[in-house]
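Enquirer: my_file13.cif is the file, holding mmCIF, C-alpha atoms:
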```cif
data_work
loop_
_atom_site.label_atom_id
_atom_site.label_comp_id
_atom_site.auth_asym_id
_atom_site.auth_seq_id
_atom_site.Cartn_x
_atom_site.Cartn_y
_atom_site.Cartn_z
CA MET A 860 0.00 0.00 0.00
CA PRO A 861 1.46 3.48 -0.96
CA PRO A 862 2.33 5.91 1.86
CA ARG A 863 -0.56 7.98 3.06
CA PRO A 864 -0.19 11.77 2.34
CA SER A 865 -0.46 14.07 5.32
CA PRO A 866 -3.88 15.85 5.51
CA LEU A 867 -2.23 18.99 6.89
CA GLN A 868 -0.61 19.66 3.50
CA ASN A 869 -3.98 20.54 1.92
CA LEU A 870 -5.33 22.74 4.69
CA PRO A 871 -6.40 26.23 3.47
CA SER A 872 -4.27 29.09 4.64
CA GLY A 873 -7.19 30.76 6.32
CA GLU A 874 -10.04 29.46 8.35
CA LEU A 875 -13.29 28.75 6.50
CA GLU A 876 -16.47 30.22 7.73
CA GLY A 877 -17.89 28.15 10.59
CA VAL A 878 -14.92 25.75 10.56
CA ASN A 879 -12.24 26.08 13.16
CA GLU A 880 -9.02 24.16 13.84
CA ALA A 881 -10.67 21.66 16.21
CA THR A 882 -13.00 20.57 13.47
CA TRP A 883 -10.10 19.89 11.12
CA LEU A 884 -8.35 17.85 13.82
CA ASP A 885 -11.49 15.66 14.20
CA VAL A 886 -11.57 15.09 10.43
CA ILE A 887 -7.93 14.11 10.39
CA GLN A 888 -8.46 11.66 13.29
CA LYS A 889 -11.37 9.98 11.49
CA MET A 890 -9.30 9.67 8.32
CA ASP A 891 -6.54 7.94 10.31
CA GLU A 892 -9.02 5.50 11.81
CA VAL A 893 -10.46 4.66 8.42
CA TYR A 894 -7.01 4.16 6.95
CA SER A 895 -5.96 1.87 9.83
CA ARG A 896 -9.12 -0.17 9.36
CA LEU A 897 -8.35 -0.49 5.65
CA VAL A 898 -4.83 -1.69 6.44
CA ASP A 899 -6.17 -4.30 8.92
CA ASP A 900 -8.80 -5.47 6.43
CA GLU A 901 -6.16 -5.86 3.72
CA THR A 902 -3.91 -7.88 6.06
CA GLU A 903 -6.80 -10.13 7.08
CA LEU A 904 -7.74 -10.56 3.44
CA GLU A 905 -4.20 -11.63 2.56
CA ASN A 906 -4.16 -14.17 5.45
CA LYS A 907 -7.49 -15.64 4.39
CA ASN A 908 -6.30 -15.83 0.80
CA ALA A 909 -3.18 -17.73 1.96
CA GLN A 910 -5.37 -20.11 4.00
CA LEU A 911 -7.62 -20.61 1.00
CA GLU A 912 -4.65 -21.45 -1.23
CA GLN A 913 -3.34 -23.87 1.42
CA SER A 914 -6.75 -25.56 1.62
CA GLN A 915 -6.88 -25.84 -2.15
CA ARG A 916 -3.40 -27.39 -2.28
CA PHE A 917 -4.45 -29.86 0.47
CA ILE A 918 -7.61 -30.83 -1.45
CA PHE A 919 -5.63 -31.21 -4.69
CA SER A 920 -3.05 -33.40 -2.92
CA LEU A 921 -5.86 -35.59 -1.56
CA LEU A 922 -7.38 -35.98 -5.01
CA ALA A 923 -3.97 -36.80 -6.48
CA ALA A 924 -3.23 -39.38 -3.76
CA MET A 925 -6.54 -41.22 -4.15
CA SER A 926 -6.26 -44.62 -5.82
CA ASP A 927 -10.04 -44.70 -6.27
CA VAL A 928 -11.54 -42.84 -9.23
CA LEU A 929 -13.63 -39.73 -8.46
CA VAL A 930 -16.12 -37.76 -10.53
CA ALA A 931 -18.16 -34.76 -9.36
CA CYS A 932 -20.96 -33.69 -11.68
CA SER A 933 -23.75 -31.13 -11.73
CA GLU A 934 -27.49 -31.78 -11.54
CA GLU A 935 -27.49 -31.92 -15.34
CA GLY A 936 -24.85 -34.69 -15.30
CA LEU A 937 -21.95 -32.51 -16.53
CA ILE A 938 -18.50 -33.23 -15.10
CA GLU A 939 -17.22 -30.50 -12.77
CA GLU A 940 -14.27 -32.20 -11.04
CA THR A 941 -12.14 -35.35 -11.48
CA ASN A 942 -8.98 -36.77 -9.97
CA PRO A 943 -5.75 -38.11 -11.56
CA ALA A 944 -6.81 -41.75 -11.03
CA LEU A 945 -9.84 -41.26 -13.31
CA CYS A 946 -7.85 -39.29 -15.88
CA GLU A 947 -5.26 -42.08 -16.04
CA LEU A 948 -7.97 -44.73 -16.33
CA VAL A 949 -9.87 -43.08 -19.22
CA GLY A 950 -6.77 -41.58 -20.90
CA ALA A 951 -7.94 -37.94 -20.83
CA SER A 952 -6.90 -34.84 -18.91
CA ASP A 953 -9.05 -33.00 -16.35
CA ALA A 954 -9.40 -30.03 -18.71
CA GLN A 955 -10.72 -32.31 -21.48
CA LEU A 956 -13.29 -33.93 -19.16
CA ARG A 957 -14.69 -30.77 -17.51
CA GLY A 958 -18.08 -29.82 -18.90
CA THR A 959 -18.64 -33.14 -20.70
CA PRO A 960 -21.56 -35.44 -19.79
CA VAL A 961 -20.86 -38.34 -17.46
CA VAL A 962 -22.50 -40.71 -19.95
CA ASP A 963 -19.59 -40.03 -22.33
CA LEU A 964 -17.40 -42.01 -19.89
CA LEU A 965 -19.66 -45.07 -20.06
CA ALA A 966 -18.77 -47.88 -22.45
CA ASP A 967 -22.16 -49.51 -23.15
CA GLU A 968 -25.91 -49.04 -22.99
CA GLU A 969 -26.25 -51.27 -19.95
CA SER A 970 -23.93 -48.98 -17.99
CA ILE A 971 -25.96 -45.94 -19.08
CA GLU A 972 -29.15 -47.58 -17.79
CA ARG A 973 -27.46 -48.40 -14.48
CA TRP A 974 -26.23 -44.82 -14.20
CA GLN A 975 -29.71 -43.43 -14.74
CA LEU A 976 -31.09 -45.83 -12.15
CA ALA A 977 -28.35 -44.76 -9.70
CA LEU A 978 -29.35 -41.09 -10.21
CA HIS A 979 -32.85 -41.98 -9.11
CA HIS A 980 -31.71 -43.79 -5.94
CA SER A 981 -28.78 -41.55 -4.98
CA GLY A 982 -31.06 -39.07 -3.19
CA SER A 983 -31.18 -41.32 -0.12
CA ARG A 984 -28.79 -40.89 2.76
CA GLU A 985 -26.88 -44.07 1.90
CA GLY A 986 -26.55 -43.27 -1.79
CA ALA A 987 -26.46 -45.93 -4.49
CA VAL A 988 -23.84 -48.54 -5.46
CA VAL A 989 -23.64 -49.42 -9.13
CA GLU A 990 -21.20 -51.31 -11.38
CA LEU A 991 -20.30 -49.30 -14.48
CA ASN A 992 -18.09 -50.07 -17.46
CA LEU A 993 -15.92 -47.01 -18.17
CA ARG A 994 -14.22 -46.25 -21.47
CA GLY A 995 -10.66 -47.10 -20.46
CA ALA A 996 -7.59 -46.26 -22.51
CA ALA A 997 -7.17 -49.99 -23.31
CA GLY A 998 -10.87 -50.92 -23.45
CA PRO A 999 -13.86 -51.15 -21.09
CA VAL A 1000 -12.94 -51.25 -17.41
CA PRO A 1001 -15.55 -52.46 -14.85
CA VAL A 1002 -15.70 -50.14 -11.83
CA ASP A 1003 -17.74 -50.51 -8.65
CA MET A 1004 -19.06 -46.92 -8.10
CA ASN A 1005 -20.77 -45.32 -5.11
CA CYS A 1006 -23.09 -42.49 -6.18
CA THR A 1007 -24.12 -39.96 -3.51
CA LEU A 1008 -25.97 -36.62 -3.58
CA ARG A 1009 -23.91 -33.41 -3.30
CA ARG A 1010 -25.43 -30.34 -1.58
CA ASP A 1011 -24.44 -26.69 -1.22
CA SER A 1012 -24.08 -24.72 2.02
CA ALA A 1013 -27.84 -24.14 2.10
CA GLY A 1014 -28.56 -27.88 1.81
CA ARG A 1015 -29.89 -27.69 -1.76
CA PRO A 1016 -28.92 -30.53 -4.16
CA VAL A 1017 -26.31 -29.32 -6.66
CA GLY A 1018 -25.04 -32.56 -8.21
CA ARG A 1019 -23.63 -36.04 -7.64
CA VAL A 1020 -20.31 -37.49 -6.48
CA LEU A 1021 -19.12 -40.85 -7.83
CA VAL A 1022 -16.30 -42.70 -6.06
CA GLY A 1023 -15.24 -46.20 -7.08
CA ARG A 1024 -12.45 -48.69 -7.56
CA PRO A 1025 -11.74 -50.88 -10.60
CA LEU A 1026 -12.87 -54.44 -9.95
CA GLY A 1027 -9.41 -55.72 -10.92
CA GLU A 1028 -7.97 -54.08 -7.81
CA LEU A 1029 -10.83 -55.48 -5.73
CA LYS A 1030 -10.08 -58.94 -7.04
CA ARG A 1031 -6.40 -58.55 -6.15
CA ALA A 1032 -7.34 -57.37 -2.67
CA TYR A 1033 -9.72 -60.32 -2.31
CA ARG A 1034 -6.98 -62.69 -3.47
CA GLN A 1035 -4.57 -61.28 -0.88
CA LEU A 1036 -7.25 -61.66 1.77
CA ARG A 1037 -7.88 -65.23 0.68
CA ASP A 1038 -4.14 -66.02 0.81
CA ALA A 1039 -3.94 -64.58 4.30
CA HIS A 1040 -6.97 -66.65 5.31
CA ASP A 1041 -5.38 -69.81 3.87
CA ALA A 1042 -2.17 -69.08 5.76
CA LEU A 1043 -4.18 -68.63 8.94
CA LYS A 1044 -5.99 -71.94 8.36
CA GLN A 1045 -2.67 -73.69 7.75
CA ALA A 1046 -1.26 -72.27 10.98
CA GLN A 1047 -4.40 -73.42 12.78
CA GLN A 1048 -4.03 -76.92 11.31
CA GLN A 1049 -0.38 -77.05 12.36
CA LEU A 1050 -1.39 -76.02 15.88
CA LEU A 1051 -4.07 -78.72 15.88
CA GLN A 1052 -1.51 -81.20 14.58
CA SER A 1053 0.86 -80.35 17.43
CA GLU A 1054 -1.94 -80.86 19.93
CA LYS A 1055 -2.84 -84.21 18.37
CA MET A 1056 0.80 -85.29 18.47
CA ALA A 1057 0.93 -84.36 22.15
CA SER A 1058 -2.21 -86.42 22.79
CA LEU A 1059 -0.71 -89.32 20.85
CA GLY A 1060 2.44 -89.06 22.95
CA ARG A 1061 0.43 -89.45 26.15
CA LEU A 1062 -1.43 -92.41 24.67
CA VAL A 1063 1.78 -94.09 23.50
CA ALA A 1064 3.39 -93.55 26.90
CA GLY A 1065 0.58 -95.51 28.55
CA VAL A 1066 0.66 -98.31 25.97
CA ALA A 1067 4.45 -98.61 26.18
CA HIS A 1068 4.30 -98.84 29.95
CA GLU A 1069 1.68 -101.62 29.76
CA LEU A 1070 3.71 -103.57 27.17
CA ASN A 1071 7.00 -103.23 28.99
CA ASN A 1072 6.10 -105.60 31.84
CA PRO A 1073 5.00 -108.64 29.77
CA ILE A 1074 7.95 -108.17 27.41
CA SER A 1075 10.28 -108.24 30.43
CA PHE A 1076 8.65 -111.53 31.51
CA VAL A 1077 9.15 -113.02 28.06
CA LEU A 1078 12.79 -111.96 27.89
CA GLY A 1079 13.51 -113.34 31.37
CA ASN A 1080 11.73 -116.64 30.71
CA VAL A 1081 13.45 -117.13 27.33
CA HIS A 1082 16.88 -116.68 28.91
CA VAL A 1083 15.99 -119.27 31.58
CA LEU A 1084 14.52 -121.58 28.91
CA GLN A 1085 17.72 -121.28 26.93
CA ARG A 1086 19.76 -122.45 29.94
CA TYR A 1087 17.30 -125.27 30.63
CA GLY A 1088 17.53 -126.35 27.00
CA ASP A 1089 21.30 -126.59 27.22
CA ARG A 1090 21.03 -128.78 30.32
CA LEU A 1091 18.35 -131.02 28.80
CA THR A 1092 20.44 -131.42 25.65
CA ARG A 1093 23.47 -132.51 27.66
CA TYR A 1094 21.40 -134.93 29.72
CA LEU A 1095 19.66 -136.52 26.74
CA ALA A 1096 22.96 -136.78 24.91
CA ALA A 1097 24.32 -138.77 27.87
CA VAL A 1098 21.21 -140.94 27.98
CA HIS A 1099 21.29 -141.62 24.25
CA ALA A 1100 24.92 -142.62 24.48
CA GLN A 1101 23.82 -145.74 26.38
CA GLU A 1102 22.14 -148.67 24.68
CA GLN A 1103 18.38 -148.11 24.63
CA PRO A 1104 15.63 -150.71 24.95
CA PRO A 1105 13.77 -151.28 21.69
CA HIS A 1106 10.56 -149.53 22.82
CA LEU A 1107 12.49 -146.38 23.89
CA ALA A 1108 14.40 -146.32 20.63
CA ALA A 1109 11.08 -146.56 18.75
CA LEU A 1110 9.56 -143.77 20.86
CA ARG A 1111 12.66 -141.65 20.24
CA SER A 1112 12.21 -142.06 16.51
CA GLU A 1113 8.43 -141.54 16.65
CA LEU A 1114 8.71 -138.26 18.62
CA ARG A 1115 11.71 -137.11 16.54
CA ILE A 1116 13.64 -136.22 19.65
CA ASP A 1117 16.90 -135.71 17.78
CA ARG A 1118 15.32 -133.15 15.38
CA LEU A 1119 13.61 -131.40 18.30
CA LEU A 1120 16.94 -131.05 20.12
CA ALA A 1121 18.54 -129.69 16.96
CA ASP A 1122 15.75 -127.09 16.49
CA LEU A 1123 15.56 -126.03 20.12
CA PRO A 1124 18.56 -123.58 20.04
CA SER A 1125 17.27 -121.78 16.91
CA LEU A 1126 13.76 -121.56 18.40
CA THR A 1127 14.98 -120.01 21.63
CA GLU A 1128 17.30 -117.64 19.74
CA GLY A 1129 14.47 -116.57 17.43
CA THR A 1130 12.12 -116.02 20.35
CA LEU A 1131 14.81 -114.02 22.16
CA GLU A 1132 15.48 -111.92 19.08
CA GLY A 1133 11.76 -111.21 18.56
CA ALA A 1134 11.27 -110.25 22.20
CA GLN A 1135 14.32 -107.99 22.06
CA ARG A 1136 13.05 -106.30 18.91
CA THR A 1137 9.67 -105.78 20.59
CA ALA A 1138 11.45 -104.25 23.56
CA ASP A 1139 13.36 -101.94 21.23
CA ILE A 1140 10.07 -100.85 19.65
CA VAL A 1141 8.56 -100.17 23.07
CA ASN A 1142 11.65 -98.14 24.03
CA GLY A 1143 11.28 -96.18 20.81
CA LEU A 1144 7.63 -95.47 21.60
CA LYS A 1145 8.65 -94.31 25.07
CA ARG A 1146 11.24 -91.97 23.59
CA PHE A 1147 8.68 -90.72 21.09
CA SER A 1148 6.11 -90.04 23.79
CA SER A 1149 8.60 -88.29 26.05
CA GLY A 1150 9.63 -85.87 23.31
CA VAL A 1151 13.34 -86.42 24.04
CA CYS A 1152 15.68 -87.76 21.37
CA GLU A 1153 18.41 -90.28 21.99
CA GLU A 1154 21.85 -88.90 22.55
CA ALA A 1155 22.61 -87.14 19.29
CA THR A 1156 25.50 -88.41 17.21
CA ARG A 1157 26.95 -87.37 13.88
CA VAL A 1158 25.05 -89.31 11.21
CA ASP A 1159 25.78 -89.64 7.49
CA LEU A 1160 22.35 -89.14 5.94
CA VAL A 1161 23.43 -90.62 2.59
CA GLU A 1162 24.37 -93.89 4.29
CA VAL A 1163 21.03 -93.93 6.16
CA VAL A 1164 19.11 -93.58 2.88
CA GLN A 1165 21.13 -96.38 1.27
CA ARG A 1166 20.40 -98.70 4.20
CA ALA A 1167 16.71 -97.84 4.07
CA ILE A 1168 16.55 -98.65 0.33
CA HIS A 1169 18.31 -101.99 0.98
CA TRP A 1170 15.96 -103.05 3.76
CA VAL A 1171 12.75 -102.09 1.95
CA ARG A 1172 13.84 -103.95 -1.19
CA LYS A 1173 14.86 -106.97 0.85
CA GLY A 1174 11.66 -107.00 2.86
CA THR A 1175 8.63 -106.20 0.69
CA ALA A 1176 9.66 -104.54 -2.58
CA PRO A 1177 12.37 -106.49 -4.45
CA GLN A 1178 11.17 -105.10 -7.83
CA PHE A 1179 11.00 -101.48 -6.67
CA GLU A 1180 13.05 -99.16 -8.93
CA VAL A 1181 14.68 -96.58 -6.66
CA MET A 1182 16.86 -93.95 -8.33
CA PHE A 1183 19.36 -92.50 -5.88
CA GLU A 1184 22.87 -91.33 -6.68
CA PRO A 1185 24.95 -91.25 -3.49
CA GLY A 1186 27.20 -88.25 -3.45
CA ALA A 1187 29.53 -86.89 -0.83
CA PRO A 1188 28.59 -87.66 2.79
CA VAL A 1189 26.03 -85.30 4.30
CA HIS A 1190 26.20 -85.20 8.08
CA VAL A 1191 23.41 -84.26 10.48
CA ASN A 1192 23.06 -84.57 14.25
CA GLY A 1193 20.51 -87.08 15.48
CA SER A 1194 19.58 -90.68 16.14
CA PRO A 1195 20.60 -93.13 13.37
CA GLY A 1196 17.80 -95.56 14.29
CA GLU A 1197 15.05 -92.93 14.25
CA LEU A 1198 16.27 -91.39 10.98
CA LEU A 1199 16.40 -94.86 9.42
CA GLN A 1200 12.81 -95.40 10.56
CA VAL A 1201 11.73 -92.19 8.80
CA MET A 1202 13.51 -93.07 5.54
CA MET A 1203 12.14 -96.61 5.48
CA ASN A 1204 8.62 -95.36 6.11
CA LEU A 1205 8.77 -92.83 3.27
CA ILE A 1206 10.25 -95.38 0.83
CA GLN A 1207 7.70 -98.05 1.80
CA ASN A 1208 4.82 -95.58 1.41
CA ALA A 1209 6.11 -94.55 -2.01
CA TYR A 1210 6.18 -98.21 -3.08
CA ASP A 1211 2.64 -98.83 -1.78
CA ALA A 1212 1.32 -95.78 -3.65
CA ALA A 1213 3.17 -96.46 -6.92
CA SER A 1214 2.28 -100.16 -6.97
CA ALA A 1215 -1.43 -99.28 -6.71
CA LEU A 1216 -1.39 -98.50 -10.44
CA ASP A 1217 -1.28 -101.70 -12.47
CA ASP A 1218 -0.20 -100.06 -15.73
CA ARG A 1219 3.25 -98.90 -14.61
CA VAL A 1220 6.39 -100.09 -12.86
CA PRO A 1221 6.68 -98.52 -9.38
CA ARG A 1222 9.54 -96.01 -9.30
CA LEU A 1223 10.96 -93.60 -6.77
CA ALA A 1224 13.47 -90.79 -7.31
CA ILE A 1225 15.41 -89.62 -4.25
CA THR A 1226 17.52 -86.47 -4.37
CA CYS A 1227 19.71 -84.96 -1.69
CA ALA A 1228 20.70 -81.30 -1.89
CA ARG A 1229 22.02 -78.65 0.44
CA GLY A 1230 19.51 -75.82 0.83
CA GLU A 1231 19.29 -72.51 2.62
CA HIS A 1232 17.96 -74.14 5.79
CA GLY A 1233 20.08 -77.33 5.71
CA VAL A 1234 19.91 -80.56 3.72
CA VAL A 1235 16.73 -81.34 1.77
CA LEU A 1236 15.76 -84.92 0.84
CA ARG A 1237 13.01 -85.26 -1.78
CA PHE A 1238 11.12 -88.52 -2.36
CA ALA A 1239 9.17 -88.29 -5.66
CA ASP A 1240 7.16 -91.36 -6.72
CA ASN A 1241 5.19 -92.13 -9.89
CA GLY A 1242 1.97 -92.99 -8.08
CA PRO A 1243 -1.47 -91.37 -8.39
CA GLY A 1244 -0.54 -88.43 -6.13
CA LEU A 1245 -2.30 -87.06 -3.09
CA ARG A 1246 -5.90 -85.88 -3.02
CA PRO A 1247 -6.30 -82.20 -2.05
CA GLU A 1248 -8.61 -83.08 0.82
CA HIS A 1249 -5.97 -85.47 2.22
CA LEU A 1250 -3.03 -83.05 2.19
CA SER A 1251 -4.02 -81.39 5.46
CA ARG A 1252 -4.54 -84.74 7.25
CA LEU A 1253 -1.54 -86.80 6.14
CA PHE A 1254 0.33 -86.48 9.42
CA GLU A 1255 -2.66 -87.06 11.69
CA PRO A 1256 -2.36 -90.13 13.93
CA PHE A 1257 -4.33 -93.15 12.60
CA PHE A 1258 -5.20 -91.43 9.30
CA THR A 1259 -4.50 -93.66 6.30
CA THR A 1260 -5.69 -94.01 2.73
CA LYS A 1261 -4.66 -97.68 2.55
CA PRO A 1262 -7.25 -100.48 2.66
CA VAL A 1263 -8.23 -102.01 5.98
CA GLY A 1264 -5.44 -104.23 7.26
CA LYS A 1265 -2.78 -102.61 5.04
CA GLY A 1266 -1.81 -99.71 7.28
CA THR A 1267 -2.23 -98.32 10.78
CA GLY A 1268 -1.98 -94.61 9.96
CA LEU A 1269 0.90 -94.14 12.41
CA GLY A 1270 3.91 -94.25 10.06
CA LEU A 1271 3.76 -90.67 8.79
CA SER A 1272 2.63 -89.39 12.16
CA ILE A 1273 5.63 -90.92 13.95
CA SER A 1274 7.96 -89.82 11.14
CA TYR A 1275 6.61 -86.28 11.46
CA GLY A 1276 7.37 -86.30 15.19
CA ILE A 1277 10.88 -87.70 14.69
CA VAL A 1278 11.80 -85.10 12.05
CA GLU A 1279 10.35 -82.32 14.21
CA LYS A 1280 12.40 -83.50 17.22
CA HIS A 1281 15.51 -83.32 15.03
CA GLY A 1282 14.79 -79.66 14.31
CA GLY A 1283 13.56 -80.28 10.75
CA ARG A 1284 10.39 -80.32 8.68
CA LEU A 1285 8.44 -83.05 6.89
CA GLU A 1286 6.21 -81.73 4.07
CA ALA A 1287 4.11 -83.24 1.29
CA GLU A 1288 2.86 -81.97 -2.06
CA ASN A 1289 1.90 -83.13 -5.55
CA ALA A 1290 4.41 -82.91 -8.39
CA ALA A 1291 3.43 -81.00 -11.53
CA GLU A 1292 4.13 -84.08 -13.67
CA GLY A 1293 2.13 -86.34 -11.33
CA GLY A 1294 2.88 -88.37 -8.25
CA ALA A 1295 3.53 -87.35 -4.67
CA VAL A 1296 6.62 -85.62 -3.31
CA PHE A 1297 7.69 -85.82 0.34
CA SER A 1298 10.44 -83.46 1.50
CA VAL A 1299 12.57 -83.88 4.62
CA THR A 1300 14.57 -80.82 5.69
CA LEU A 1301 17.18 -81.30 8.43
CA PRO A 1302 19.83 -78.91 9.80
CA LEU A 1303 23.38 -79.78 8.86
CA SER A 1304 25.86 -80.86 11.48
CA ALA A 1305 28.17 -78.04 12.56
#
```
Please, can you express the file's structure as structure tokens?
Expert:
Amino acid sequence: MPPRPSPLQNLPSGELEGVNEATWLDVIQKMDEVYSRLVDDETELENKNAQLEQSQRFIFSLLAAMSDVLVACSEEGLIEETNPALCELVGASDAQLRGTPVVDLLADEESIERWQLALHHSGSREGAVVELNLRGAAGPVPVDMNCTLRRDSAGRPVGRVLVGRPLGELKRAYRQLRDAHDALKQAQQQLLQSEKMASLGRLVAGVAHELNNPISFVLGNVHVLQRYGDRLTRYLAAVHAQEQPPHLAALRSELRIDRLLADLPSLTEGTLEGAQRTADIVNGLKRFSSGVCEEATRVDLVEVVQRAIHWVRKGTAPQFEVMFEPGAPVHVNGSPGELLQVMMNLIQNAYDAASALDDRVPRLAITCARGEHGVVLRFADNGPGLRPEHLSRLFEPFFTTKPVGKGTGLGLSISYGIVEKHGGRLEAENAAEGGAVFSVTLPLSA
């Protein structure tokens, strides 16, 4: 504002009639007050203008940051405001869209009818939700729009506001939500699996305790019977060294006493071996139920796999084609017996699954590789694969897909517990080319 001239410069040299000096001083004072008020009003106007510009920049930044498309139109359906998301979607600038009808954005007659119906229902407090196909830069784009009434400061309707999001983004958001839900369900299943394994451990502990006593009786009695057999053999040998009456010689031949004496050592040894193996199984169940591994030793996993292949082929699958190329030794810390049990169970299950198909030779490919989290063993068979509804239940105790009498449903469950106790993971999936794949991941020995 230019400097204010002094009023005293224009005073007449003489006094006017009826006007004295006091009157002129009052006039000058009023002029100063008016000028000060003008200066204050100008300052306030500048501050309000700056606030208005700041508010406009804030609104423009909000519109630019919105990922949803926005259209504001008049009562006549002419576009008054848009945001960058809409301009990018339709391939036109805000200046090109202003003043054009909203229907020019719609790609088909069905969308125009929906828009007209939304205009009719948008007067309610909730507004109207409508799916419209917009003319996108690359073709029609379906958008889920919310149409609400826009009012002025006096509450009179002045137009409509449309806010929406392309359905492609909604589908991606729904897919992310579904993935998160699946991950949550998997975590819940793993928690349930851990609880079931704990329950199984308590059950096995009771069964093992009940079996331990009769097995101890059998082992003790077999040892005593073995000593008695040695004494009886010596006594009968001394008796048979003497000349026998004819009727005793005939009875000896009829009862085949000599063959019985020859078989008695192998029978007692076999019974002792079976009882000892049963005791070992019971001890394994007790270790499994207690959750404590045997004293860990350094184990060559390659050698364990080779032994497992040998025993499965020797026992039940002599024609099983197992492809495994032993490489350099891979050492882990753990129990050799328990790891052998896991490998034999996985190989036997692969044979049972692959041999279920009569039109092919059962095969199994085993690979051993060092991964980010340790060593990874993969068992890929050429069987029918795993059903999707069975994948989440494979490691449940007593769950089996084998016919009655062919499986107990405890093999995978016990294997899962053994691998978990060794700090690893046992997982199952279907291969893209068909067949099932079981993966065992174990930490490497330091």
Enquirer: Distance cut-off 10 Å, centre (4.3, -98.9, -5.8) in file coordinates, counting only C-alpha atoms: which residues qualify? Return them as a ChimeraX atom specification.
Expert: /A:1176,1178-1180,1206-1217,1219-1223,1240-1243
Enquirer: Could you turn the residues from that selection into a file that holds C-alpha atoms, as a PDB file, in the frame of the given file?
Expert:
```
ATOM      1  CA  ALA A1176       9.660-104.540  -2.580  1.00  0.00           C
ATOM      2  CA  GLN A1178      11.170-105.100  -7.830  1.00  0.00           C
ATOM      3  CA  PHE A1179      11.000-101.480  -6.670  1.00  0.00           C
ATOM      4  CA  GLU A1180      13.050 -99.160  -8.930  1.00  0.00           C
ATOM      5  CA  ILE A1206      10.250 -95.380   0.830  1.00  0.00           C
ATOM      6  CA  GLN A1207       7.700 -98.050   1.800  1.00  0.00           C
ATOM      7  CA  ASN A1208       4.820 -95.580   1.410  1.00  0.00           C
ATOM      8  CA  ALA A1209       6.110 -94.550  -2.010  1.00  0.00           C
ATOM      9  CA  TYR A1210       6.180 -98.210  -3.080  1.00  0.00           C
ATOM     10  CA  ASP A1211       2.640 -98.830  -1.780  1.00  0.00           C
ATOM     11  CA  ALA A1212       1.320 -95.780  -3.650  1.00  0.00           C
ATOM     12  CA  ALA A1213       3.170 -96.460  -6.920  1.00  0.00           C
ATOM     13  CA  SER A1214       2.280-100.160  -6.970  1.00  0.00           C
ATOM     14  CA  ALA A1215      -1.430 -99.280  -6.710  1.00  0.00           C
ATOM     15  CA  LEU A1216      -1.390 -98.500 -10.440  1.00  0.00           C
ATOM     16  CA  ASP A1217      -1.280-101.700 -12.470  1.00  0.00           C
ATOM     17  CA  ARG A1219       3.250 -98.900 -14.610  1.00  0.00           C
ATOM     18  CA  VAL A1220       6.390-100.090 -12.860  1.00  0.00           C
ATOM     19  CA  PRO A1221       6.680 -98.520  -9.380  1.00  0.00           C
ATOM     20  CA  ARG A1222       9.540 -96.010  -9.300  1.00  0.00           C
ATOM     21  CA  LEU A1223      10.960 -93.600  -6.770  1.00  0.00           C
ATOM     22  CA  ASP A1240       7.160 -91.360  -6.720  1.00  0.00           C
ATOM     23  CA  ASN A1241       5.190 -92.130  -9.890  1.00  0.00           C
ATOM     24  CA  GLY A1242       1.970 -92.990  -8.080  1.00  0.00           C
ATOM     25  CA  PRO A1243      -1.470 -91.370  -8.390  1.00  0.00           C
TER      26      PRO A1243
END
```
Enquirer: Identify all residues satisfying the PyMOL selection byres ((chain A and resi 1022) around 7) in the given file; provide them as a VMD selection string.
Expert: chain A and resid 927 to 930 1004 to 1006 1020 to 1021 1023
Enquirer: What is the distance, in Å and to one decimal place, between CA of Phe919 in chain A and CA of Val949 in chain A?
Expert: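 A separation of 19.2 Å between them.
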Enquirer: Rounded to one decimal place, report the CA of Glu1197 in chain A-CA of Val1077 in chain A distance in Å.
Expert: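 Value for the CA of Glu1197 in chain A-CA of Val1077 in chain A distance: 25.1 Å.
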Enquirer: Distance CA of Gln913 in chain A-CA of Ala931 in chain A, one decimal place?
Expert: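 Result for CA of Gln913 in chain A versus CA of Ala931 in chain A: 21.3 Å, one decimal.
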Enquirer: Write out as an MDAnalysis selection string the residues lying within 7 Å of range 1116-1132 of chain A, counting all atoms listed in the file and excluding same-chain residues fewer than 2 positions away.
Expert: chainID A and resid 1078 1081 1085 1092 1111:1112 1114 1134:1136
Enquirer: Evaluate the PyMOL selection byres ((chain A and resi 1289-1297) around 7) against this structure - the residues, as a ChimeraX atom specification, please.
Expert: /A:1237-1245,1286-1288,1298-1299
Enquirer: Using all atoms listed in the file, pick whichever of A:Gly1088, A:Gly1270, A:Pro1247, A:Pro1188 has the shortest atom-to-atom distance to Asn1204 in chain A.
Expert: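 Nearest to Asn1204 in chain A: A:Gly1270.
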Enquirer: Take the point (-25.7, -33.2, -14.5) as written in the file and pick out every residue within 10 Å of it, counting all atoms listed in the file; give the list as JSON, numbers by chain.
Expert: {"A": [931, 932, 933, 934, 935, 936, 937, 938, 939, 958, 959, 960, 961, 962, 978, 1017, 1018, 1019]}
Enquirer: Which residue, A:Lys1280, A:Arg1229, A:Ser1251, A:Asn1072, has the smallest gap to Leu1303 in chain A when you use only C-alpha atoms?
Expert: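 Among A:Lys1280, A:Arg1229, A:Ser1251, A:Asn1072, it is A:Arg1229 that comes nearest to Leu1303 in chain A.
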